[in-house]
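One structure is given below, encoded as structure tokens.
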Amino acid sequence: MTDNAPENVTEPEQTFALVSSAIPAGSVVGAQQLVEDLGGENLSPDLAWSDAPEGTKSFAITCYDPDAPTGSGFWHWVAWDIPADVTSLPLGLARDDASLKQAVNDYGNVGYDGPNPPAGAPHRYQFSVHAMPVETLGVEQGALHIGARFAIFSQQLGSADFTARYQVTN
């Protein structure tokens, strides 16, 4: 079998980056981000990103637990229509913050809700920023997350992410 790719073509270096002082990449999700049932404050983490792809006109944010025992993971946060000149979000973003739009998450609430996994193996929480080629996704505030996710994933220019873990033991 032969490879039809040109020999001297290299992939561009990816520089788009996402960080949080509340949840450093590869760490354990902090108490502030956990739901209150686990002794947390249920605050969305601060996020900052840099070096977005050329052509970015807005950003979207997602937080996803691929290890939830649902067969399709668990969506903790989907937010979009963040203007292109914004490169950070503060700790504890309000559910009704007018500077962006937020979806109904898998808890049934608009905005961010933190980890609350069942006891057992650790769960991964993937925080992502998505660079969008449009100023608005055309999805209304408070929509179900699936519509916003479809708009995000079907047209994003690129994304940056980090993963943190959390485990409940009993």
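Residue numbers start at 1 in each chain; chains themselves are named A, B, ... in the order of the structure tokens; ligands are numbered from 1 in the order shown.
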Write out as a list in words the residues lying within 7 Å of Pro118 of chain A, counting only C-alpha atoms and excluding same-chain residues fewer than 2 positions away. Asn116, Gly120 and Val168 of chain A
From a DSSP calculation on the backbone, collect every residue of chain A in helix (DSSP H, G or I) and output the set as a ChimeraX atom specification. /A:31-33,36-38,145-153
Take the residues just selected and output them with all heavy atoms as a compact mmCIF listing (two decimals), in the first residue's frame.
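Output (selection_6.txt):
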```txt
# COMPACT_ATOMS: atom_id res chain seq x y z
N ALA A 31 -12.03 22.52 44.11
CA ALA A 31 -13.28 22.55 44.88
C ALA A 31 -14.21 23.65 44.40
O ALA A 31 -15.43 23.46 44.38
CB ALA A 31 -12.98 22.71 46.36
N GLN A 32 -13.67 24.79 43.99
CA GLN A 32 -14.54 25.88 43.52
C GLN A 32 -15.39 25.47 42.33
O GLN A 32 -16.49 25.96 42.17
CB GLN A 32 -13.70 27.09 43.10
CG GLN A 32 -13.17 27.92 44.23
CD GLN A 32 -12.50 29.17 43.70
OE1 GLN A 32 -11.67 29.10 42.79
NE2 GLN A 32 -12.86 30.31 44.24
N GLN A 33 -14.89 24.56 41.49
CA GLN A 33 -15.60 24.17 40.28
C GLN A 33 -16.57 23.01 40.50
O GLN A 33 -17.39 22.72 39.64
CB GLN A 33 -14.62 23.82 39.17
CG GLN A 33 -14.01 25.04 38.50
CD GLN A 33 -13.11 25.83 39.41
OE1 GLN A 33 -12.16 25.31 39.98
NE2 GLN A 33 -13.42 27.11 39.58
N GLU A 36 -22.15 21.85 44.52
CA GLU A 36 -22.27 22.05 45.97
C GLU A 36 -22.43 20.73 46.72
O GLU A 36 -21.98 20.61 47.86
CB GLU A 36 -23.40 23.03 46.25
CG GLU A 36 -23.02 24.43 45.80
CD GLU A 36 -24.20 25.30 45.39
OE1 GLU A 36 -25.35 24.83 45.40
OE2 GLU A 36 -23.94 26.46 45.03
N ASP A 37 -23.07 19.72 46.10
CA ASP A 37 -23.23 18.42 46.76
C ASP A 37 -21.89 17.79 47.14
O ASP A 37 -21.83 16.96 48.04
CB ASP A 37 -23.99 17.44 45.86
CG ASP A 37 -25.45 17.79 45.72
OD1 ASP A 37 -25.93 18.68 46.45
OD2 ASP A 37 -26.12 17.18 44.86
N LEU A 38 -20.83 18.17 46.44
CA LEU A 38 -19.49 17.65 46.74
C LEU A 38 -18.67 18.66 47.55
O LEU A 38 -17.45 18.52 47.68
CB LEU A 38 -18.74 17.33 45.44
CG LEU A 38 -19.31 16.16 44.62
CD1 LEU A 38 -18.52 15.98 43.34
CD2 LEU A 38 -19.29 14.88 45.45
N HIS A 145 -28.10 22.28 24.45
CA HIS A 145 -26.69 22.29 24.03
C HIS A 145 -26.45 21.59 22.70
O HIS A 145 -25.52 21.93 21.99
CB HIS A 145 -25.79 21.72 25.12
CG HIS A 145 -26.01 20.27 25.43
ND1 HIS A 145 -25.54 19.25 24.65
CD2 HIS A 145 -26.65 19.70 26.47
CE1 HIS A 145 -25.88 18.10 25.19
NE2 HIS A 145 -26.56 18.34 26.30
N ILE A 146 -27.28 20.66 22.31
CA ILE A 146 -27.03 19.92 21.07
C ILE A 146 -27.06 20.84 19.85
O ILE A 146 -26.24 20.71 18.94
CB ILE A 146 -27.97 18.71 20.91
CG1 ILE A 146 -27.47 17.83 19.79
CG2 ILE A 146 -29.40 19.15 20.72
CD1 ILE A 146 -28.08 16.45 19.76
N GLY A 147 -27.96 21.80 19.83
CA GLY A 147 -28.03 22.73 18.70
C GLY A 147 -26.80 23.62 18.63
O GLY A 147 -26.24 23.86 17.56
N ALA A 148 -26.37 24.12 19.78
CA ALA A 148 -25.17 24.95 19.81
C ALA A 148 -23.94 24.13 19.45
O ALA A 148 -23.08 24.59 18.69
CB ALA A 148 -25.00 25.58 21.20
N ARG A 149 -23.85 22.91 19.96
CA ARG A 149 -22.69 22.06 19.64
C ARG A 149 -22.64 21.74 18.16
O ARG A 149 -21.55 21.74 17.57
CB ARG A 149 -22.75 20.75 20.46
CG ARG A 149 -22.44 20.95 21.91
CD ARG A 149 -22.35 19.66 22.72
NE ARG A 149 -22.45 18.44 21.98
CZ ARG A 149 -23.48 17.59 22.02
NH1 ARG A 149 -24.52 17.83 22.77
NH2 ARG A 149 -23.46 16.48 21.31
N PHE A 150 -23.77 21.49 17.54
CA PHE A 150 -23.78 21.22 16.10
C PHE A 150 -23.23 22.43 15.36
O PHE A 150 -22.38 22.29 14.47
CB PHE A 150 -25.19 20.88 15.61
CG PHE A 150 -25.21 20.59 14.13
CD1 PHE A 150 -24.89 19.33 13.67
CD2 PHE A 150 -25.53 21.58 13.21
CE1 PHE A 150 -24.88 19.06 12.31
CE2 PHE A 150 -25.53 21.32 11.86
CZ PHE A 150 -25.20 20.05 11.40
N ALA A 151 -23.69 23.62 15.71
CA ALA A 151 -23.20 24.84 15.05
C ALA A 151 -21.70 25.03 15.29
O ALA A 151 -20.97 25.43 14.39
CB ALA A 151 -23.99 26.05 15.55
N ILE A 152 -21.24 24.74 16.49
CA ILE A 152 -19.81 24.90 16.82
C ILE A 152 -18.96 23.89 16.05
O ILE A 152 -18.04 24.26 15.32
CB ILE A 152 -19.58 24.74 18.34
CG1 ILE A 152 -20.22 25.90 19.10
CG2 ILE A 152 -18.08 24.64 18.65
CD1 ILE A 152 -20.36 25.66 20.60
N PHE A 153 -19.25 22.61 16.21
CA PHE A 153 -18.39 21.57 15.66
C PHE A 153 -18.47 21.46 14.14
O PHE A 153 -17.54 20.95 13.52
CB PHE A 153 -18.67 20.23 16.33
CG PHE A 153 -18.22 20.19 17.76
CD1 PHE A 153 -19.13 20.19 18.80
CD2 PHE A 153 -16.86 20.17 18.08
CE1 PHE A 153 -18.71 20.17 20.12
CE2 PHE A 153 -16.43 20.15 19.39
CZ PHE A 153 -17.36 20.14 20.41
```
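Across the structure, atom CA of Ala25 of chain A and atom CA of Pro90 of chain A are spaced 17.1 Å apart.
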Residues within 8 Å of segment 62-72 of chain A, please, as a ChimeraX atom specification. Count only C-alpha atoms; anything in the same chain fewer than 6 positions from it doesn't count. /A:78-79,117,123-129
Among chain A, which residues carry a DSSP assignment of strand (DSSP E or B), reported as a ChimeraX atom specification? /A:17-19,28,47-50,58-65,74-83,88-89,101-102,104,110,119,123-132,144,158-166,168
May I have the residues within 12 Å of Gln155 of chain A as an MDAnalysis selection string, using only C-alpha atoms and disregarding those fewer than 2 positions away in the same chain? chainID A and resid 56:60 130:134 136:137 148:153 157:159
Prev. selection, all heavy atoms, output as a compact mmCIF listing (two decimals), in the first residue's frame:
```
# COMPACT_ATOMS: atom_id res chain seq x y z
N THR A 56 -10.77 34.21 12.78
CA THR A 56 -11.66 34.03 13.92
C THR A 56 -12.51 35.28 14.11
O THR A 56 -11.99 36.39 14.19
CB THR A 56 -10.85 33.75 15.20
OG1 THR A 56 -10.11 32.54 15.01
CG2 THR A 56 -11.75 33.63 16.41
N LYS A 57 -13.83 35.09 14.20
CA LYS A 57 -14.76 36.20 14.41
C LYS A 57 -15.50 36.10 15.73
O LYS A 57 -16.18 37.04 16.13
CB LYS A 57 -15.74 36.28 13.25
CG LYS A 57 -15.04 36.65 11.95
CD LYS A 57 -16.02 36.84 10.83
CE LYS A 57 -15.27 37.22 9.56
NZ LYS A 57 -16.18 37.27 8.42
N SER A 58 -15.41 34.94 16.39
CA SER A 58 -15.99 34.77 17.72
C SER A 58 -15.43 33.48 18.31
O SER A 58 -14.73 32.73 17.62
CB SER A 58 -17.51 34.72 17.67
OG SER A 58 -17.96 33.52 17.06
N PHE A 59 -15.78 33.24 19.57
CA PHE A 59 -15.32 32.03 20.26
C PHE A 59 -16.50 31.32 20.91
O PHE A 59 -17.54 31.94 21.21
CB PHE A 59 -14.30 32.37 21.36
CG PHE A 59 -13.03 32.95 20.83
CD1 PHE A 59 -12.80 34.31 20.87
CD2 PHE A 59 -12.04 32.13 20.29
CE1 PHE A 59 -11.63 34.85 20.38
CE2 PHE A 59 -10.86 32.66 19.79
CZ PHE A 59 -10.66 34.03 19.84
N ALA A 60 -16.32 30.04 21.16
CA ALA A 60 -17.27 29.24 21.92
C ALA A 60 -16.47 28.44 22.96
O ALA A 60 -15.27 28.19 22.77
CB ALA A 60 -18.04 28.30 21.01
N HIS A 130 -13.26 27.18 21.15
CA HIS A 130 -13.41 26.95 19.72
C HIS A 130 -13.39 28.28 19.00
O HIS A 130 -14.15 29.19 19.38
CB HIS A 130 -14.74 26.23 19.43
CG HIS A 130 -14.93 25.00 20.27
ND1 HIS A 130 -14.53 23.76 19.86
CD2 HIS A 130 -15.47 24.85 21.51
CE1 HIS A 130 -14.83 22.88 20.81
NE2 HIS A 130 -15.38 23.51 21.81
N ALA A 131 -12.56 28.41 17.98
CA ALA A 131 -12.50 29.61 17.16
C ALA A 131 -13.54 29.49 16.05
O ALA A 131 -13.55 28.50 15.31
CB ALA A 131 -11.11 29.77 16.56
N MET A 132 -14.40 30.49 15.95
CA MET A 132 -15.51 30.43 15.00
C MET A 132 -15.32 31.45 13.88
O MET A 132 -14.85 32.56 14.12
CB MET A 132 -16.83 30.71 15.74
CG MET A 132 -17.09 29.79 16.94
SD MET A 132 -17.00 28.02 16.58
CE MET A 132 -18.18 27.87 15.27
N PRO A 133 -15.73 31.10 12.65
CA PRO A 133 -15.59 32.00 11.51
C PRO A 133 -16.75 32.98 11.37
O PRO A 133 -16.83 33.71 10.39
CB PRO A 133 -15.54 31.04 10.32
CG PRO A 133 -16.45 29.93 10.73
CD PRO A 133 -16.20 29.78 12.23
N VAL A 134 -17.66 32.99 12.34
CA VAL A 134 -18.84 33.86 12.30
C VAL A 134 -18.93 34.62 13.62
O VAL A 134 -18.46 34.15 14.65
CB VAL A 134 -20.14 33.04 12.08
CG1 VAL A 134 -20.14 32.41 10.69
CG2 VAL A 134 -20.32 31.97 13.14
N THR A 136 -21.80 35.37 15.10
CA THR A 136 -22.86 34.75 15.88
C THR A 136 -23.23 33.41 15.26
O THR A 136 -23.23 33.27 14.04
CB THR A 136 -24.11 35.67 15.99
OG1 THR A 136 -25.09 34.99 16.78
CG2 THR A 136 -24.67 36.03 14.64
N LEU A 137 -23.52 32.44 16.11
CA LEU A 137 -23.90 31.12 15.63
C LEU A 137 -25.35 31.06 15.19
O LEU A 137 -25.77 30.10 14.56
CB LEU A 137 -23.68 30.06 16.72
CG LEU A 137 -22.24 29.75 17.10
CD1 LEU A 137 -22.21 28.63 18.14
CD2 LEU A 137 -21.43 29.35 15.89
N ALA A 148 -26.37 24.12 19.78
CA ALA A 148 -25.17 24.95 19.81
C ALA A 148 -23.94 24.13 19.45
O ALA A 148 -23.08 24.59 18.69
CB ALA A 148 -25.00 25.58 21.20
N ARG A 149 -23.85 22.91 19.96
CA ARG A 149 -22.69 22.06 19.64
C ARG A 149 -22.64 21.74 18.16
O ARG A 149 -21.55 21.74 17.57
CB ARG A 149 -22.75 20.75 20.46
CG ARG A 149 -22.44 20.95 21.91
CD ARG A 149 -22.35 19.66 22.72
NE ARG A 149 -22.45 18.44 21.98
CZ ARG A 149 -23.48 17.59 22.02
NH1 ARG A 149 -24.52 17.83 22.77
NH2 ARG A 149 -23.46 16.48 21.31
N PHE A 150 -23.77 21.49 17.54
CA PHE A 150 -23.78 21.22 16.10
C PHE A 150 -23.23 22.43 15.36
O PHE A 150 -22.38 22.29 14.47
CB PHE A 150 -25.19 20.88 15.61
CG PHE A 150 -25.21 20.59 14.13
CD1 PHE A 150 -24.89 19.33 13.67
CD2 PHE A 150 -25.53 21.58 13.21
CE1 PHE A 150 -24.88 19.06 12.31
CE2 PHE A 150 -25.53 21.32 11.86
CZ PHE A 150 -25.20 20.05 11.40
N ALA A 151 -23.69 23.62 15.71
CA ALA A 151 -23.20 24.84 15.05
C ALA A 151 -21.70 25.03 15.29
O ALA A 151 -20.97 25.43 14.39
CB ALA A 151 -23.99 26.05 15.55
N ILE A 152 -21.24 24.74 16.49
CA ILE A 152 -19.81 24.90 16.82
C ILE A 152 -18.96 23.89 16.05
O ILE A 152 -18.04 24.26 15.32
CB ILE A 152 -19.58 24.74 18.34
CG1 ILE A 152 -20.22 25.90 19.10
CG2 ILE A 152 -18.08 24.64 18.65
CD1 ILE A 152 -20.36 25.66 20.60
N PHE A 153 -19.25 22.61 16.21
CA PHE A 153 -18.39 21.57 15.66
C PHE A 153 -18.47 21.46 14.14
O PHE A 153 -17.54 20.95 13.52
CB PHE A 153 -18.67 20.23 16.33
CG PHE A 153 -18.22 20.19 17.76
CD1 PHE A 153 -19.13 20.19 18.80
CD2 PHE A 153 -16.86 20.17 18.08
CE1 PHE A 153 -18.71 20.17 20.12
CE2 PHE A 153 -16.43 20.15 19.39
CZ PHE A 153 -17.36 20.14 20.41
N LEU A 157 -12.98 26.82 13.20
CA LEU A 157 -11.70 26.97 12.51
C LEU A 157 -10.60 26.18 13.22
O LEU A 157 -9.61 25.79 12.60
CB LEU A 157 -11.29 28.45 12.46
CG LEU A 157 -12.22 29.37 11.69
CD1 LEU A 157 -11.81 30.82 11.92
CD2 LEU A 157 -12.21 29.02 10.22
N GLY A 158 -10.76 26.00 14.49
CA GLY A 158 -9.78 25.28 15.30
C GLY A 158 -10.23 25.32 16.75
O GLY A 158 -11.17 26.03 17.10
N SER A 159 -9.56 24.53 17.57
CA SER A 159 -9.89 24.53 18.99
C SER A 159 -8.63 24.28 19.81
O SER A 159 -7.64 23.76 19.30
CB SER A 159 -10.95 23.47 19.30
OG SER A 159 -10.45 22.17 19.06
```
Neighbour list for Val104 of chain A as a PyMOL selection string, cut-off 9 Å, only C-alpha atoms, skip fewer than 3 positions in-chain: chain A and resi 76-78+107-112+141-145
Got a sec: who's within 9 Å of Ala22 of chain A, counting only C-alpha atoms, leaving out chain neighbours fewer than 6 positions off, as a list in words? Val29, Gly30, Gln32, Gln33, Pro45, Asp46, Leu47 and Leu91 of chain A
For those residues, write all heavy atoms to a file as a PDB file, in the first residue's frame.
```
ATOM      1  N   VAL A  29      -9.723  18.738  39.225  1.00  0.00           N
ATOM      2  CA  VAL A  29     -10.678  19.845  39.258  1.00  0.00           C
ATOM      3  C   VAL A  29     -10.758  20.372  40.685  1.00  0.00           C
ATOM      4  O   VAL A  29     -10.907  19.598  41.639  1.00  0.00           O
ATOM      5  CB  VAL A  29     -12.068  19.392  38.763  1.00  0.00           C
ATOM      6  CG1 VAL A  29     -13.080  20.512  38.905  1.00  0.00           C
ATOM      7  CG2 VAL A  29     -11.997  18.914  37.322  1.00  0.00           C
ATOM      8  N   GLY A  30     -10.646  21.684  40.834  1.00  0.00           N
ATOM      9  CA  GLY A  30     -10.641  22.309  42.149  1.00  0.00           C
ATOM     10  C   GLY A  30     -12.011  22.357  42.793  1.00  0.00           C
ATOM     11  O   GLY A  30     -13.041  22.251  42.122  1.00  0.00           O
ATOM     12  N   GLN A  32     -13.671  24.792  43.987  1.00  0.00           N
ATOM     13  CA  GLN A  32     -14.536  25.882  43.523  1.00  0.00           C
ATOM     14  C   GLN A  32     -15.388  25.465  42.332  1.00  0.00           C
ATOM     15  O   GLN A  32     -16.495  25.964  42.167  1.00  0.00           O
ATOM     16  CB  GLN A  32     -13.705  27.093  43.101  1.00  0.00           C
ATOM     17  CG  GLN A  32     -13.174  27.918  44.228  1.00  0.00           C
ATOM     18  CD  GLN A  32     -12.500  29.168  43.702  1.00  0.00           C
ATOM     19  OE1 GLN A  32     -11.674  29.100  42.793  1.00  0.00           O
ATOM     20  NE2 GLN A  32     -12.860  30.309  44.244  1.00  0.00           N
ATOM     21  N   GLN A  33     -14.893  24.561  41.488  1.00  0.00           N
ATOM     22  CA  GLN A  33     -15.602  24.175  40.282  1.00  0.00           C
ATOM     23  C   GLN A  33     -16.568  23.011  40.502  1.00  0.00           C
ATOM     24  O   GLN A  33     -17.388  22.719  39.641  1.00  0.00           O
ATOM     25  CB  GLN A  33     -14.621  23.815  39.166  1.00  0.00           C
ATOM     26  CG  GLN A  33     -14.005  25.038  38.498  1.00  0.00           C
ATOM     27  CD  GLN A  33     -13.107  25.835  39.414  1.00  0.00           C
ATOM     28  OE1 GLN A  33     -12.157  25.313  39.978  1.00  0.00           O
ATOM     29  NE2 GLN A  33     -13.419  27.109  39.581  1.00  0.00           N
ATOM     30  N   PRO A  45     -14.627  27.873  35.797  1.00  0.00           N
ATOM     31  CA  PRO A  45     -13.238  28.298  35.973  1.00  0.00           C
ATOM     32  C   PRO A  45     -12.930  29.537  35.143  1.00  0.00           C
ATOM     33  O   PRO A  45     -13.613  29.819  34.156  1.00  0.00           O
ATOM     34  CB  PRO A  45     -12.433  27.098  35.465  1.00  0.00           C
ATOM     35  CG  PRO A  45     -13.328  26.489  34.437  1.00  0.00           C
ATOM     36  CD  PRO A  45     -14.730  26.664  34.964  1.00  0.00           C
ATOM     37  N   ASP A  46     -11.905  30.274  35.554  1.00  0.00           N
ATOM     38  CA  ASP A  46     -11.390  31.326  34.697  1.00  0.00           C
ATOM     39  C   ASP A  46     -10.722  30.640  33.501  1.00  0.00           C
ATOM     40  O   ASP A  46     -10.147  29.562  33.641  1.00  0.00           O
ATOM     41  CB  ASP A  46     -10.381  32.201  35.437  1.00  0.00           C
ATOM     42  CG  ASP A  46      -9.142  31.415  35.838  1.00  0.00           C
ATOM     43  OD1 ASP A  46      -9.286  30.421  36.583  1.00  0.00           O
ATOM     44  OD2 ASP A  46      -8.040  31.767  35.394  1.00  0.00           O
ATOM     45  N   LEU A  47     -10.833  31.226  32.340  1.00  0.00           N
ATOM     46  CA  LEU A  47     -10.214  30.684  31.131  1.00  0.00           C
ATOM     47  C   LEU A  47      -9.546  31.811  30.373  1.00  0.00           C
ATOM     48  O   LEU A  47     -10.058  32.934  30.333  1.00  0.00           O
ATOM     49  CB  LEU A  47     -11.268  30.020  30.228  1.00  0.00           C
ATOM     50  CG  LEU A  47     -12.035  28.843  30.817  1.00  0.00           C
ATOM     51  CD1 LEU A  47     -13.162  28.430  29.874  1.00  0.00           C
ATOM     52  CD2 LEU A  47     -11.102  27.669  31.079  1.00  0.00           C
ATOM     53  N   LEU A  91     -13.506  33.877  36.529  1.00  0.00           N
ATOM     54  CA  LEU A  91     -13.992  32.848  37.436  1.00  0.00           C
ATOM     55  C   LEU A  91     -15.450  33.148  37.773  1.00  0.00           C
ATOM     56  O   LEU A  91     -15.812  34.302  38.023  1.00  0.00           O
ATOM     57  CB  LEU A  91     -13.154  32.858  38.721  1.00  0.00           C
ATOM     58  CG  LEU A  91     -13.551  31.891  39.821  1.00  0.00           C
ATOM     59  CD1 LEU A  91     -13.206  30.460  39.408  1.00  0.00           C
ATOM     60  CD2 LEU A  91     -12.820  32.256  41.110  1.00  0.00           C
TER      61      LEU A  91
END
```
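Put simply, atom CA of Leu89 of chain A is 9.5 Å away from atom CA of Ser20 of chain A.
The interatomic distance for the pair atom CA of Gln156 of chain A and atom CA of Asp106 of chain A works out to 22.2 Å.
Proximity to Ala52 of chain A was assessed for A:Gly40, A:Asp96, A:Gln167, A:Phe16 counting only C-alpha atoms; the smallest distance is recorded for A:Phe16.
Closest approach to Asp161 of chain A among A:Pro115, A:Gly26, A:Gly73, A:Gly92 is made by A:Gly26 (distances from only C-alpha atoms).
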